Every structure is written in structure tokens, then in C-alpha cells.
file coords.txt (compact mmCIF, C-alpha atoms and all ligand atoms)
# COMPACT_ATOMS: atom_id res chain seq x y z
CA MET G 1 40.89 156.27 86.15
CA ASN G 2 37.60 154.48 85.55
CA ILE G 3 36.90 152.61 88.79
CA THR G 4 33.88 150.65 87.53
CA PRO G 5 35.91 147.56 86.47
CA PHE G 6 37.48 147.34 89.93
CA ILE G 7 34.07 147.54 91.65
CA GLU G 8 32.75 144.88 89.31
CA ARG G 9 35.71 142.56 90.01
CA ARG G 10 35.23 142.92 93.79
CA ARG G 11 31.55 142.13 93.31
CA ARG G 12 32.46 138.95 91.43
CA VAL G 13 34.90 137.84 94.12
CA LEU G 14 32.31 138.46 96.83
CA ALA G 15 29.78 136.39 94.89
CA GLN G 16 32.28 133.52 94.66
CA ILE G 17 33.41 133.47 98.29
CA GLY G 18 29.77 133.57 99.43
CA SER G 19 28.23 134.93 102.63
CA ASN G 20 30.35 132.53 104.73
CA GLY G 21 33.61 133.72 103.21
CA LEU G 22 36.14 136.41 104.01
CA ALA G 23 39.03 137.40 101.76
CA VAL G 24 42.12 139.39 102.63
CA LEU G 25 44.95 140.61 100.41
CA PHE G 26 47.76 143.12 100.58
CA ALA G 27 49.58 145.79 98.64
CA ALA G 28 53.14 144.95 97.58
CA PRO G 29 55.84 145.88 100.09
CA GLU G 30 58.44 148.45 99.08
CA GLN G 31 61.79 146.89 98.17
CA ARG G 32 65.05 148.38 99.40
CA ARG G 33 67.63 148.85 96.61
CA SER G 34 70.56 150.19 98.64
CA ASN G 35 70.95 151.93 101.98
CA ASP G 36 67.91 154.21 102.16
CA THR G 37 66.74 154.10 98.54
CA GLU G 38 64.07 151.82 97.18
CA PHE G 39 63.30 150.17 93.86
CA PRO G 40 60.51 152.00 92.06
CA PHE G 41 57.29 150.85 93.69
CA ARG G 42 55.21 148.38 91.70
CA GLN G 43 51.79 147.47 93.06
CA ASP G 44 50.96 143.80 93.59
CA SER G 45 49.05 142.57 90.52
CA TYR G 46 46.22 140.92 92.48
CA PHE G 47 45.81 143.95 94.73
CA HIS G 48 45.72 146.25 91.74
CA TYR G 49 43.22 144.00 89.97
CA LEU G 50 40.71 144.45 92.79
CA THR G 51 41.43 148.00 93.93
CA GLY G 52 43.26 150.19 91.40
CA PHE G 53 44.86 151.64 94.54
CA GLY G 54 48.54 152.31 93.94
CA GLU G 55 50.04 152.80 97.39
CA PRO G 56 52.15 150.44 99.51
CA GLN G 57 51.08 149.56 103.08
CA ALA G 58 47.50 148.76 102.25
CA ALA G 59 45.16 145.83 102.74
CA LEU G 60 41.76 144.88 101.38
CA LEU G 61 39.12 142.88 103.21
CA LEU G 62 36.17 141.48 101.28
CA ASP G 63 33.48 140.44 103.73
CA GLY G 64 31.03 138.00 102.23
CA ALA G 65 28.51 138.42 105.09
CA SER G 66 28.08 142.17 104.66
CA GLY G 67 29.17 142.31 101.01
CA LYS G 68 31.52 145.13 101.97
CA SER G 69 34.92 146.05 100.55
CA ILE G 70 37.09 147.51 103.27
CA LEU G 71 40.40 149.22 102.61
CA PHE G 72 43.22 149.80 105.08
CA CYS G 73 45.81 152.35 103.99
CA ARG G 74 48.34 154.90 105.15
CA ASP G 75 47.01 157.96 106.95
CA LYS G 76 47.43 161.44 105.59
CA ASP G 77 50.78 162.81 106.79
CA GLU G 78 51.72 166.42 106.05
CA LEU G 79 55.45 166.02 106.59
CA GLY G 80 55.61 162.58 104.98
CA GLU G 81 53.90 163.98 101.91
CA ILE G 82 56.36 166.88 101.65
CA TRP G 83 59.18 164.33 101.50
CA ASN G 84 57.64 161.47 99.59
CA GLY G 85 54.55 162.68 97.78
CA PHE G 86 50.79 162.48 97.93
CA ARG G 87 48.92 159.78 99.74
CA TYR G 88 45.14 159.47 99.86
CA GLY G 89 44.45 158.62 103.47
CA PRO G 90 41.47 156.36 104.28
CA GLN G 91 38.68 158.88 103.77
CA ALA G 92 39.70 160.16 100.34
CA ALA G 93 40.67 156.64 99.24
CA ALA G 94 37.21 155.31 100.13
CA GLU G 95 35.60 158.05 98.04
CA ALA G 96 37.97 157.87 95.09
CA PHE G 97 37.95 154.06 94.77
CA ALA G 98 34.41 153.33 96.01
CA PHE G 99 35.29 151.25 99.07
CA ASP G 100 32.46 150.79 101.55
CA GLU G 101 34.74 151.56 104.49
CA ALA G 102 38.37 152.57 104.96
CA TYR G 103 40.65 152.69 107.98
CA SER G 104 44.29 153.23 108.91
CA PHE G 105 46.60 150.43 107.82
CA GLY G 106 47.51 149.78 111.45
CA GLU G 107 43.96 148.60 112.12
CA TRP G 108 43.72 145.71 109.68
CA GLU G 109 44.59 142.93 112.10
CA GLN G 110 41.99 144.02 114.60
CA HIS G 111 39.29 144.22 111.91
CA LEU G 112 40.29 140.86 110.46
CA GLY G 113 40.08 139.30 113.93
CA LYS G 114 36.45 140.42 114.18
CA ALA G 115 35.47 139.72 110.58
CA ILE G 116 36.61 136.07 110.64
CA LEU G 117 34.31 135.23 113.54
CA ASN G 118 31.71 132.74 112.33
CA LYS G 119 32.99 132.60 108.76
CA LYS G 120 33.43 129.19 107.14
CA SER G 121 36.29 130.12 104.81
CA LEU G 122 39.20 132.50 104.99
CA TYR G 123 40.66 133.27 101.56
CA ALA G 124 44.16 134.71 101.24
CA LEU G 125 47.07 134.67 98.80
CA TRP G 126 49.00 132.30 101.02
CA GLY G 127 52.74 132.30 100.47
CA VAL G 128 52.91 135.51 98.48
CA TYR G 129 53.99 137.68 101.40
CA PRO G 130 54.98 135.33 104.26
CA GLU G 131 55.18 138.21 106.74
CA TYR G 132 51.46 138.85 106.23
CA ASP G 133 50.64 135.13 106.23
CA SER G 134 51.89 134.80 109.77
CA LYS G 135 49.87 137.82 110.93
CA VAL G 136 46.70 136.56 109.24
CA MET G 137 47.30 133.11 110.70
CA ALA G 138 47.82 134.59 114.16
CA GLN G 139 44.40 136.27 114.01
CA TRP G 140 42.80 133.06 112.82
CA HIS G 141 44.54 131.07 115.55
CA LYS G 142 43.36 133.51 118.22
CA VAL G 143 39.74 133.03 117.17
CA GLN G 144 40.18 129.30 116.72
CA GLN G 145 41.56 129.01 120.27
CA SER G 146 38.79 130.98 121.90
CA ALA G 147 35.91 129.77 119.75
CA GLY G 148 33.17 127.23 120.34
CA ARG G 149 34.11 124.58 122.87
CA ARG G 150 36.44 126.88 124.78
CA VAL G 151 35.97 130.44 125.98
CA GLN G 152 32.94 131.57 124.03
CA THR G 153 30.24 129.13 123.09
CA ASN G 154 28.56 130.76 120.15
CA THR G 155 31.48 131.56 117.86
CA TYR G 156 33.67 129.58 115.50
CA ALA G 157 36.72 130.16 113.35
CA PRO G 158 36.91 129.45 109.60
CA GLU G 159 37.49 125.74 109.14
CA CYS G 160 38.70 126.26 105.60
CA LEU G 161 41.82 128.28 104.83
CA ALA G 162 41.29 128.75 101.12
CA ASP G 163 43.49 129.96 98.27
CA LEU G 164 42.30 133.29 96.92
CA ALA G 165 44.57 132.79 93.91
CA ALA G 166 42.31 129.96 92.73
CA VAL G 167 39.46 132.48 92.53
CA LEU G 168 41.45 135.38 91.11
CA ASP G 169 43.54 133.40 88.63
CA SER G 170 40.51 132.14 86.75
CA MET G 171 39.09 135.65 86.68
CA ARG G 172 42.38 137.12 85.44
CA LEU G 173 42.64 134.49 82.73
CA VAL G 174 39.77 136.07 80.80
CA LYS G 175 40.42 139.76 80.38
CA ASP G 176 37.63 142.32 80.64
CA GLU G 177 37.25 145.29 78.32
CA ALA G 178 39.27 147.67 80.47
CA GLU G 179 42.13 145.18 80.61
CA ILE G 180 42.05 144.57 76.87
CA ALA G 181 42.30 148.30 76.21
CA LEU G 182 45.38 148.56 78.45
CA LEU G 183 46.99 145.45 76.96
CA LYS G 184 46.54 146.84 73.47
CA LYS G 185 48.08 150.13 74.51
CA ALA G 186 51.02 148.28 76.10
CA GLY G 187 51.34 146.27 72.87
CA GLU G 188 51.24 149.38 70.73
CA ILE G 189 53.91 151.17 72.76
CA SER G 190 56.08 148.05 72.78
CA ALA G 191 55.69 147.82 69.01
CA MET G 192 56.74 151.45 68.51
CA ALA G 193 59.86 150.84 70.58
CA HIS G 194 60.81 147.82 68.45
CA ILE G 195 60.35 149.89 65.31
CA ARG G 196 62.57 152.59 66.77
CA ALA G 197 65.22 150.00 67.65
CA MET G 198 65.18 148.56 64.12
CA LYS G 199 65.59 152.01 62.63
CA GLN G 200 68.44 153.00 64.94
CA THR G 201 70.52 149.82 64.88
CA ARG G 202 73.91 150.01 63.12
CA PRO G 203 77.07 147.86 63.38
CA GLY G 204 79.36 149.21 66.09
CA MET G 205 76.58 150.36 68.40
CA SER G 206 76.29 148.62 71.75
CA GLU G 207 73.39 146.52 72.95
CA LEU G 208 73.03 149.02 75.78
CA GLN G 209 72.52 151.88 73.33
CA ILE G 210 69.70 149.94 71.69
CA GLU G 211 68.16 149.25 75.09
CA ALA G 212 68.28 153.01 75.68
CA GLU G 213 66.34 153.59 72.44
CA ILE G 214 63.70 151.13 73.58
CA LEU G 215 63.31 152.64 77.05
CA HIS G 216 63.28 156.10 75.52
CA GLU G 217 60.34 155.20 73.30
CA PHE G 218 58.47 153.47 76.15
CA MET G 219 58.72 156.57 78.31
CA ARG G 220 58.01 159.00 75.50
CA GLN G 221 54.76 157.11 74.92
CA GLY G 222 53.77 157.19 78.59
CA ALA G 223 55.02 153.81 79.78
CA ARG G 224 57.29 154.48 82.72
CA PHE G 225 58.72 150.97 83.06
CA PRO G 226 59.38 147.89 80.96
CA SER G 227 57.28 144.89 81.96
CA TYR G 228 60.46 142.80 82.38
CA ASN G 229 64.18 143.37 81.89
CA SER G 230 64.78 143.98 78.20
CA ILE G 231 66.79 141.36 76.30
CA VAL G 232 68.99 142.99 73.67
CA ALA G 233 71.10 140.13 72.39
CA GLY G 234 73.45 140.43 69.43
CA GLY G 235 74.97 137.34 67.75
CA LYS G 236 75.66 134.46 70.11
CA ASN G 237 74.01 136.26 73.04
CA ALA G 238 70.64 135.39 71.48
CA CYS G 239 71.31 131.74 72.30
CA CYS G 240 71.03 132.62 75.99
CA LEU G 241 67.26 132.84 76.46
CA HIS G 242 67.23 135.41 79.25
CA TYR G 243 70.34 137.41 78.34
CA VAL G 244 69.84 140.82 80.00
CA GLU G 245 73.39 142.07 80.47
CA ASN G 246 73.13 144.00 77.18
CA LYS G 247 76.81 144.89 77.32
CA ASP G 248 78.33 143.83 73.99
CA VAL G 249 79.01 145.70 70.76
CA LEU G 250 76.83 144.79 67.75
CA ARG G 251 78.75 143.27 64.87
CA ASP G 252 78.24 143.60 61.16
CA GLY G 253 76.82 140.31 59.86
CA ASP G 254 75.23 139.27 63.18
CA LEU G 255 71.55 139.11 64.02
CA LEU G 256 70.08 141.09 66.90
CA LEU G 257 67.32 139.54 69.01
CA ILE G 258 65.30 142.03 71.06
CA ASP G 259 62.72 140.80 73.56
CA ALA G 260 61.23 143.88 75.20
CA GLY G 261 57.82 145.06 76.32
CA ALA G 262 56.34 148.15 77.91
CA GLU G 263 54.18 148.09 81.01
CA TYR G 264 51.18 150.39 80.66
CA GLY G 265 48.65 150.85 83.44
CA LEU G 266 50.38 147.80 84.99
CA TYR G 267 49.63 145.64 81.91
CA ALA G 268 52.48 143.98 80.04
CA GLY G 269 53.55 144.03 76.44
CA ASP G 270 55.97 141.25 75.42
CA ILE G 271 57.38 141.39 71.89
CA THR G 272 60.40 139.74 70.34
CA ARG G 273 61.86 140.57 66.96
CA THR G 274 65.09 139.39 65.40
CA PHE G 275 66.76 141.32 62.60
CA PRO G 276 70.18 141.81 60.99
CA VAL G 277 72.46 144.38 62.60
CA ASN G 278 73.45 145.68 59.15
CA GLY G 279 69.88 145.68 57.78
CA ARG G 280 70.30 142.73 55.34
CA PHE G 281 69.67 139.08 56.24
CA GLY G 282 72.40 136.68 55.16
CA ALA G 283 71.24 133.62 53.16
CA VAL G 284 71.52 131.15 56.05
CA GLN G 285 70.06 133.62 58.56
CA LYS G 286 67.12 134.08 56.22
CA ASP G 287 66.58 130.32 55.87
CA VAL G 288 66.37 129.88 59.64
CA TYR G 289 64.31 133.04 60.03
CA GLU G 290 61.65 131.91 57.55
CA ILE G 291 61.12 128.69 59.51
CA VAL G 292 60.52 130.54 62.78
CA LEU G 293 58.28 133.05 61.01
CA ALA G 294 56.22 130.26 59.48
CA ALA G 295 55.75 128.70 62.94
CA ASN G 296 54.78 132.10 64.41
CA GLU G 297 52.24 132.80 61.67
CA ALA G 298 50.70 129.32 61.63
CA ALA G 299 50.29 129.33 65.41
CA ILE G 300 48.69 132.79 65.40
CA ALA G 301 46.31 131.71 62.64
CA ALA G 302 45.25 128.73 64.77
CA VAL G 303 44.26 130.85 67.78
CA LYS G 304 40.46 130.94 68.10
CA PRO G 305 37.75 130.06 70.61
CA GLN G 306 37.68 126.37 71.53
CA ALA G 307 41.19 125.80 70.12
CA ASP G 308 43.36 123.44 72.18
CA TRP G 309 46.64 125.06 73.18
CA GLY G 310 48.40 121.68 73.06
CA GLU G 311 47.49 121.33 69.39
CA ILE G 312 48.68 124.85 68.55
CA HIS G 313 51.96 124.07 70.28
CA MET G 314 52.26 120.86 68.22
CA LEU G 315 51.48 122.66 64.97
CA ALA G 316 54.29 125.16 65.56
CA LEU G 317 56.67 122.46 66.76
CA LYS G 318 56.16 120.38 63.61
CA ILE G 319 57.02 123.38 61.43
CA LEU G 320 60.19 124.03 63.42
CA VAL G 321 61.24 120.37 63.35
CA GLN G 322 60.52 120.02 59.60
CA GLY G 323 62.63 123.16 59.10
CA LEU G 324 65.50 121.70 61.12
CA LEU G 325 65.30 118.51 59.01
CA ASP G 326 65.34 120.57 55.77
CA LEU G 327 68.43 122.39 57.03
CA LYS G 328 69.99 119.01 57.90
CA LEU G 329 70.46 120.07 61.50
CA LEU G 330 68.35 117.10 62.54
CA LYS G 331 68.12 113.64 60.99
CA GLY G 332 65.16 111.27 60.77
CA SER G 333 61.45 112.05 60.80
CA VAL G 334 59.38 114.86 62.29
CA ASP G 335 57.54 112.48 64.61
CA GLY G 336 60.73 110.67 65.60
CA ASN G 337 62.44 113.90 66.60
CA ILE G 338 59.40 115.03 68.54
CA GLU G 339 59.23 111.66 70.29
CA SER G 340 62.94 111.73 71.22
CA GLN G 341 62.85 115.47 71.98
CA ALA G 342 66.05 115.84 69.94
CA TYR G 343 64.72 119.21 68.76
CA GLN G 344 65.17 120.61 72.27
CA ARG G 345 68.78 121.26 71.45
CA PHE G 346 67.49 124.07 69.19
CA TYR G 347 64.08 124.91 70.72
CA MET G 348 64.01 124.60 74.47
CA HIS G 349 61.04 126.70 75.60
CA GLY G 350 57.27 126.64 75.22
CA LEU G 351 55.28 128.31 72.48
CA GLY G 352 53.85 131.00 74.74
CA HIS G 353 52.28 132.07 77.99
CA TRP G 354 49.33 134.13 79.15
CA VAL G 355 50.10 137.84 79.22
CA GLY G 356 48.29 140.37 81.42
CA LEU G 357 49.07 142.20 84.62
CA ASP G 358 52.10 139.93 84.86
CA VAL G 359 54.16 139.30 81.77
CA HIS G 360 53.93 135.60 82.53
CA ASP G 361 50.38 135.93 83.62
CA VAL G 362 48.51 133.72 86.05
CA GLY G 363 46.01 131.08 84.99
CA LYS G 364 46.16 127.41 84.17
CA ARG G 365 46.79 125.85 80.78
CA TRP G 366 45.26 122.59 81.96
CA GLN G 367 42.16 121.78 83.99
CA ASP G 368 41.23 118.35 85.36
CA GLY G 369 43.82 116.62 83.21
CA LYS G 370 42.55 118.22 80.01
CA PRO G 371 43.94 121.19 78.12
CA LEU G 372 42.01 124.37 78.71
CA LEU G 373 40.31 125.43 75.49
CA LEU G 374 40.84 129.02 74.40
CA GLN G 375 38.04 131.49 75.09
CA PRO G 376 37.40 135.05 73.94
CA GLY G 377 39.21 137.47 76.25
CA MET G 378 42.26 135.29 76.83
CA THR G 379 45.58 136.82 75.82
CA THR G 380 48.60 134.74 74.99
CA THR G 381 52.04 135.22 73.54
CA ILE G 382 53.07 133.20 70.50
CA GLU G 383 56.85 132.98 70.52
CA PRO G 384 58.53 130.15 68.63
CA GLY G 385 62.30 130.29 68.29
CA LEU G 386 65.39 128.45 67.07
CA TYR G 387 68.75 128.77 68.79
CA ILE G 388 71.81 127.22 67.16
CA ALA G 389 74.83 127.45 69.43
CA ALA G 390 78.31 126.92 67.97
CA ALA G 391 79.31 123.25 68.10
CA ASP G 392 81.66 120.92 66.22
CA ASP G 393 78.82 118.92 64.67
CA ILE G 394 77.02 122.01 63.30
CA PRO G 395 78.16 123.66 60.04
CA GLU G 396 79.83 126.97 60.82
CA ALA G 397 77.35 129.03 58.78
CA PHE G 398 74.68 128.25 61.39
CA HIS G 399 76.78 129.05 64.43
CA ASN G 400 75.27 131.49 66.92
CA ILE G 401 72.06 132.12 65.04
CA GLY G 402 69.36 132.73 67.65
CA ILE G 403 65.91 133.73 66.42
CA ARG G 404 62.63 134.27 68.26
CA ILE G 405 59.54 136.02 66.92
CA GLU G 406 56.97 136.89 69.57
CA ASP G 407 53.55 138.50 69.30
CA ASN G 408 50.69 139.09 71.73
CA VAL G 409 47.36 137.68 70.65
CA LEU G 410 43.84 138.23 71.95
CA VAL G 411 41.26 135.49 71.48
CA THR G 412 38.12 137.11 70.05
CA GLU G 413 34.61 135.83 69.29
CA GLU G 414 35.53 135.53 65.63
CA GLY G 415 39.05 134.15 65.99
CA SER G 416 41.96 136.21 67.20
CA GLU G 417 43.64 139.57 67.02
CA ASN G 418 47.40 139.95 66.95
CA TYR G 419 47.67 143.34 68.63
CA THR G 420 51.45 143.61 68.26
CA SER G 421 51.46 143.20 64.50
CA LEU G 422 52.54 146.81 63.99
CA VAL G 423 56.20 145.77 64.15
CA PRO G 424 57.35 144.32 60.83
CA LYS G 425 58.37 140.70 60.82
CA SER G 426 58.72 139.58 57.20
CA VAL G 427 62.25 139.70 55.79
CA ALA G 428 61.23 142.21 53.11
CA GLU G 429 59.41 144.53 55.56
CA ILE G 430 62.28 144.49 58.04
CA GLU G 431 64.88 145.19 55.38
CA ALA G 432 62.74 148.01 53.94
CA LEU G 433 62.28 149.63 57.36
CA MET G 434 66.00 149.44 58.09
CA ARG G 435 66.85 150.96 54.70
CA ALA G 436 64.46 153.88 55.17
N1 LIG F 501 60.05 138.16 77.85
C1 LIG F 501 59.93 136.91 78.44
C2 LIG F 501 59.20 135.97 77.60
O1 LIG F 501 59.10 136.18 76.40
O2 LIG F 501 58.64 135.03 78.06
MN MN F 502 56.98 135.97 76.28
MN MN F 503 59.30 138.03 75.49

call {"tool": "encode", "arguments": {"input": "coords.txt", "output": "C-alpha cells"}}
result
Amino acid sequence: MNITPFIERRRRVLAQIGSNGLAVLFAAPEQRRSNDTEFPFRQDSYFHYLTGFGEPQAALLLDGASGKSILFCRDKDELGEIWNGFRYGPQAAAEAFAFDEAYSFGEWEQHLGKAILNKKSLYALWGVYPEYDSKVMAQWHKVQQSAGRRVQTNTYAPECLADLAAVLDSMRLVKDEAEIALLKKAGEISAMAHIRAMKQTRPGMSELQIEAEILHEFMRQGARFPSYNSIVAGGKNACCLHYVENKDVLRDGDLLLIDAGAEYGLYAGDITRTFPVNGRFGAVQKDVYEIVLAANEAAIAAVKPQADWGEIHMLALKILVQGLLDLKLLKGSVDGNIESQAYQRFYMHGLGHWVGLDVHDVGKRWQDGKPLLLQPGMTTTIEPGLYIAAADDIPEAFHNIGIRIEDNVLVTEEGSENYTSLVPKSVAEIEALMRA
């Protein structure tokens, strides 16, 4: 692993918290699944962003006064490693990840207690792991009680308990080169899995079997885990936005919506494609599909530096609403339906979200009451959809058609790059792939 980006990110945080600041953050805790077995360990995204260190029971202190990065981690343990695998131990971790100092995990509270003396601000990811919050707070309180006017005269406790997420979220919003490379790889693997799913799908197979094809391709390509639970939704199941049961049999004549992405190097892919189970779109399915595709393509084309996300959202929404009017599923005007939000019966989610270490990545869309303008290095999904549940006032031909088309787009200096475009999405391309 190239550790330079992690060193650089720590340097940037230290510069922002200043010589009067101290920051502390923690590795993710392990999660028990049942009795004495755990869920596969997944490092905390913020902790990974600043360390690249993949073990649980670890903490990082960034001391603005000394400019040092100090790691606390598990000690080497011969027997523990025979049972549960390699661990670095403080010394090797400091060397491998370029920390200035490293100590046993059990020592972090004591070090924090000393390092907060005479700092103005203590930055932490408050609320993320409440069990650590209370320990950090206890150290702060101890200093605050003994400082200044009381026991010692020449010390003080931080008067500002600051949110480290405010610092890290704006950094994470604009991806660096190392992150972009991993996101593209995650996108590429996700795309290959969708292609595999399209090729394998036949009427009579189960959603679960298609999920297995997707996971198979992820793992074959080096992505151990999906970045979220895969949605494999045939027919009416596509009208449930987060359907993850994946338990039904796929029926001839239905559409299949797959929303699945690989996690690679902890970065998320997030692709949705919708295609016919039997390889041929029906006429009505095609009509609805073309509307969603037009919204997807127009929105992607509008992504560029200085673009206003609110306007891109509106551009896609107008295409979807005009399409619903053309299909006579809505009545009136485009503006009237947007004003009344009548379209929400068929389109009830946003156009997209940032994608990065978290599939729904951190970072604001708005700043100081104004929409944040897109900048090179930002990565967003574009995922318009239409979902037409069965109802008495809807012609039967439309019943249970649920379509979403989702790509992952990088804002570049010149405009944008859709780095999940490898998976076909035009009707002709999909039908050709499924025939092959
Ligand atoms: N896969 C979740 C989403 O598309 O937002
Ligand atoms: Mn998404
Ligand atoms: Mn998705």
C-alpha cells in the first residue's frame, strides 16, 4: 500500500486544527454476529482515511503542538496471532504507516490526558462511538477540574470541543488521486458484475442466484465485500427501494432491477441497471425505460465544475415528469406537478449522493444556504428512477414497473467522467448482450 496519501491527509488535518488543537479518533469496534462469531471487520472510514491501518482496537492522536501523529494499537501476541491472524504491534505499525510514535492501545487515555493540557480545541468524531466519547470526555473533565483556578495554576483544558467531522467531511468531499484510482477500480469491478448478471439471467432463476453471480464476480476480481447489501429485485420488488431479501423467482416478462456495488480498498461502487428477465423489453417497459435513461444521460452530461447540483436535479426531474405526462400517468403541466410534488408517487428519492469510502459518502450538498457548486475531484451517483406500483387508477400495462439507472461520475477539470459506463444501458445494447 502506498502510505503517502495517508501522511499527506494527516498533515492537512494538523494544519487545520492548528498548534492549539488536538484531534482523536478511533478504529471501528468489532461487531458480534452470534455467540462468539463476529461480522467481518470493516475499518471505520474516517480512521482508514487518515491511517490506512486496518486493525480494530486502535486510536489516533493528532497533536497540533508537536505536529505528531500518534497511533495506539494492539500489542503483538503470539498466541492471539495463532488463533486470529497477524497484528502489527505498535513498533511495526509506526514503521509501516509512518506514525511519529506508537503505543499499546491501553495507553491512549493516559496520553490523551496529557496531550489536551493547554490546548484550545479538542476535535473528535462525537457521537460516532459513544463508548469512546465518554472516555474522551472523562479525560477532558479531569483536566478541566484540575486546571487553572483550582489545583494547578498554569494549565487549562480545551474550551472548545470541536467536531472533527467538519474538518474531515470537507476533505473527503474532494477525492485525491489515490482515492480516484480506488473508486474507478470499485466502479470497474461493479460494472463487470452487472454484465455477468445480465448475461446469466433467465426466467425461472431466483433473485438469490443472481446475487450469487454478482458476489462471485466481485470476489473473483479482488473485491471481498459489496459496499452495501445488493438489491436484486424482479417485477414488483423493484418498487420497494431498498428490497434486499432477494428471495423470489424471476418471471418471464418482468423487469429485473439490480442495485449492487463492490467495495475495493474500502471505496464503494454503486451501480443500478434494470433489464428484462427474458432479454427483450416489452413495449411499455421500453417506453418507461427510455424516460429514465434520458434523465440519467442528461444529468450526467450536466455534471461539470461550477455546476449547481440543484439545477442538475431539476433538469432530470423535468424529464421524468414530462415522461409521466406523455404516458398519461400524470395530468397537467410539468411545473404544476413539480410544484404539487405529485410526481413523488412515481419518483420518491433524490437524484444522487456523494460516493467514496461510504456508499452514501459524507460531505454537504449545501453551504451557508447556497448549493455547493461541483468541483473537480467530487464523485457523485446519478440515479433517476420511476416506480409504478399496481393501483386501480393506473393502466394494468404499467403495473409493477420499477426502473432505476445509476452511474458513478467523477467531476473533472474538463467536465465529468462516468466511470461505470462499461455496463450497457441502452435498450439495444442490453438486448444484444443478453442475446450473446
Ligand atoms: N445503493 C444505494 C443507493 O443507490 O443509494
Ligand atoms: Mn446510490
Ligand atoms: Mn445504488

call {"tool": "residues_near_ligand", "arguments": {"input": "coords.txt", "ligand": "ligand LIG 501 (chain F)", "cutoff": "12 Å", "atoms": "only C-alpha atoms and all ligand atoms", "output": "number ranges by chain"}}
result
G: 190, 226-232, 241-244, 257-263, 268-273, 349-355, 358-361, 380-385, 404-408

call {"tool": "atom_distance", "arguments": {"input": "coords.txt", "atom1": "atom CA of Arg11 of chain G", "atom2": "atom CA of His141 of chain G"}}
result
28.0 Å

call {"tool": "closest_residue", "arguments": {"input": "coords.txt", "among": "G:Gly21, G:Gly265, G:Gly89, G:Gly187", "to": "ligand MN 503 (chain F)", "atoms": "all atoms listed in the file"}}
result
G:Gly187

call {"tool": "closest_residue", "arguments": {"input": "coords.txt", "among": "G:Leu386, G:Ala191, G:Ile394, G:Ala316", "to": "Lys425 of chain G", "atoms": "all atoms listed in the file"}}
result
G:Ala191

call {"tool": "atom_distance", "arguments": {"input": "coords.txt", "atom1": "atom CA of Ile3 of chain G", "atom2": "atom CA of Ala178 of chain G"}}
result
10.0 Å

call {"tool": "closest_residue", "arguments": {"input": "coords.txt", "among": "G:Ala307, G:Ala301, G:Ile291, G:Cys160", "to": "Leu325 of chain G", "atoms": "only C-alpha atoms"}}
result
G:Ile291

call {"tool": "atom_distance", "arguments": {"input": "coords.txt", "atom1": "atom CA of Tyr103 of chain G", "atom2": "atom CA of Gly67 of chain G"}}
result
17.0 Å

call {"tool": "residues_around", "arguments": {"input": "coords.txt", "residues": "Ala165 of chain G", "least_positions_apart": "4", "cutoff": "9 Å", "atoms": "all atoms listed in the file", "output": "MDAnalysis selection string"}}
result
chainID G and resid 46 123:126 169:170 362

call {"tool": "closest_residue", "arguments": {"input": "coords.txt", "among": "G:Ile388, G:Lys199, G:Gly279, G:Glu417", "to": "Ala302 of chain G", "atoms": "only C-alpha atoms"}}
result
G:Glu417

call {"tool": "residues_around", "arguments": {"input": "coords.txt", "residues": "Gln144 of chain G", "least_positions_apart": "6", "cutoff": "8 Å", "atoms": "all atoms listed in the file", "output": "ChimeraX atom specification"}}
result
/G:156-158

call {"tool": "closest_residue", "arguments": {"input": "coords.txt", "among": "G:Gln145, G:Gln57, G:Leu22, G:Leu182", "to": "Asp163 of chain G", "atoms": "all atoms listed in the file"}}
result
G:Leu22

call {"tool": "closest_residue", "arguments": {"input": "coords.txt", "among": "G:Leu422, G:Ala102, G:Val409, G:Ala299", "to": "ligand MN 502 (chain F)", "atoms": "only C-alpha atoms and all ligand atoms"}}
result
G:Val409

call {"tool": "residues_around", "arguments": {"input": "coords.txt", "residues": "Leu71 of chain G", "least_positions_apart": "6", "cutoff": "9 Å", "atoms": "only C-alpha atoms", "output": "list in words"}}
result
Thr51, Ala58, Ala59, Leu60, Leu61, Leu62, Pro90, Ala93, Ala94, Phe99, Asp100, Glu101, Ala102, Tyr103, Ser104, Phe105 and Trp108 of chain G

call {"tool": "residues_around", "arguments": {"input": "coords.txt", "residues": "Gly106 of chain G", "least_positions_apart": "4", "cutoff": "9 Å", "atoms": "all atoms listed in the file", "output": "list in words"}}
result
Phe72, Cys73, Arg74 and Gln110 of chain G

call {"tool": "build_atoms", "arguments": {"input": "coords.txt", "residues": "segment 362-376 of chain G", "atoms": "N, CA and C atoms", "output": "compact mmCIF listing (two decimals), in the coordinates of the input"}}
result
# COMPACT_ATOMS: atom_id res chain seq x y z
N VAL G 362 49.05 134.86 85.30
CA VAL G 362 48.51 133.72 86.05
C VAL G 362 47.43 133.01 85.23
N GLY G 363 47.07 131.84 85.66
CA GLY G 363 46.01 131.08 84.99
C GLY G 363 46.56 129.77 84.49
N LYS G 364 45.72 128.75 84.58
CA LYS G 364 46.16 127.41 84.17
C LYS G 364 46.15 127.27 82.66
N ARG G 365 46.91 126.29 82.17
CA ARG G 365 46.79 125.85 80.78
C ARG G 365 46.02 124.55 80.72
N TRP G 366 45.92 123.89 81.88
CA TRP G 366 45.26 122.59 81.96
C TRP G 366 44.24 122.62 83.09
N GLN G 367 43.16 121.88 82.93
CA GLN G 367 42.16 121.78 83.99
C GLN G 367 41.66 120.34 84.02
N ASP G 368 41.72 119.72 85.19
CA ASP G 368 41.23 118.35 85.36
C ASP G 368 41.84 117.39 84.33
N GLY G 369 43.13 117.54 84.11
CA GLY G 369 43.82 116.62 83.21
C GLY G 369 43.59 116.88 81.73
N LYS G 370 42.81 117.91 81.42
CA LYS G 370 42.55 118.22 80.01
C LYS G 370 43.07 119.61 79.69
N PRO G 371 43.49 119.83 78.43
CA PRO G 371 43.94 121.19 78.12
C PRO G 371 42.76 122.15 78.16
N LEU G 372 43.03 123.33 78.66
CA LEU G 372 42.01 124.37 78.71
C LEU G 372 41.78 124.86 77.28
N LEU G 373 40.55 124.94 76.85
CA LEU G 373 40.31 125.43 75.49
C LEU G 373 40.27 126.95 75.51
N LEU G 374 40.77 127.56 74.44
CA LEU G 374 40.84 129.02 74.40
C LEU G 374 39.43 129.62 74.39
N GLN G 375 39.32 130.77 75.03
CA GLN G 375 38.04 131.49 75.09
C GLN G 375 38.26 132.94 74.74
N PRO G 376 37.25 133.62 74.20
CA PRO G 376 37.40 135.05 73.94
C PRO G 376 37.81 135.78 75.22
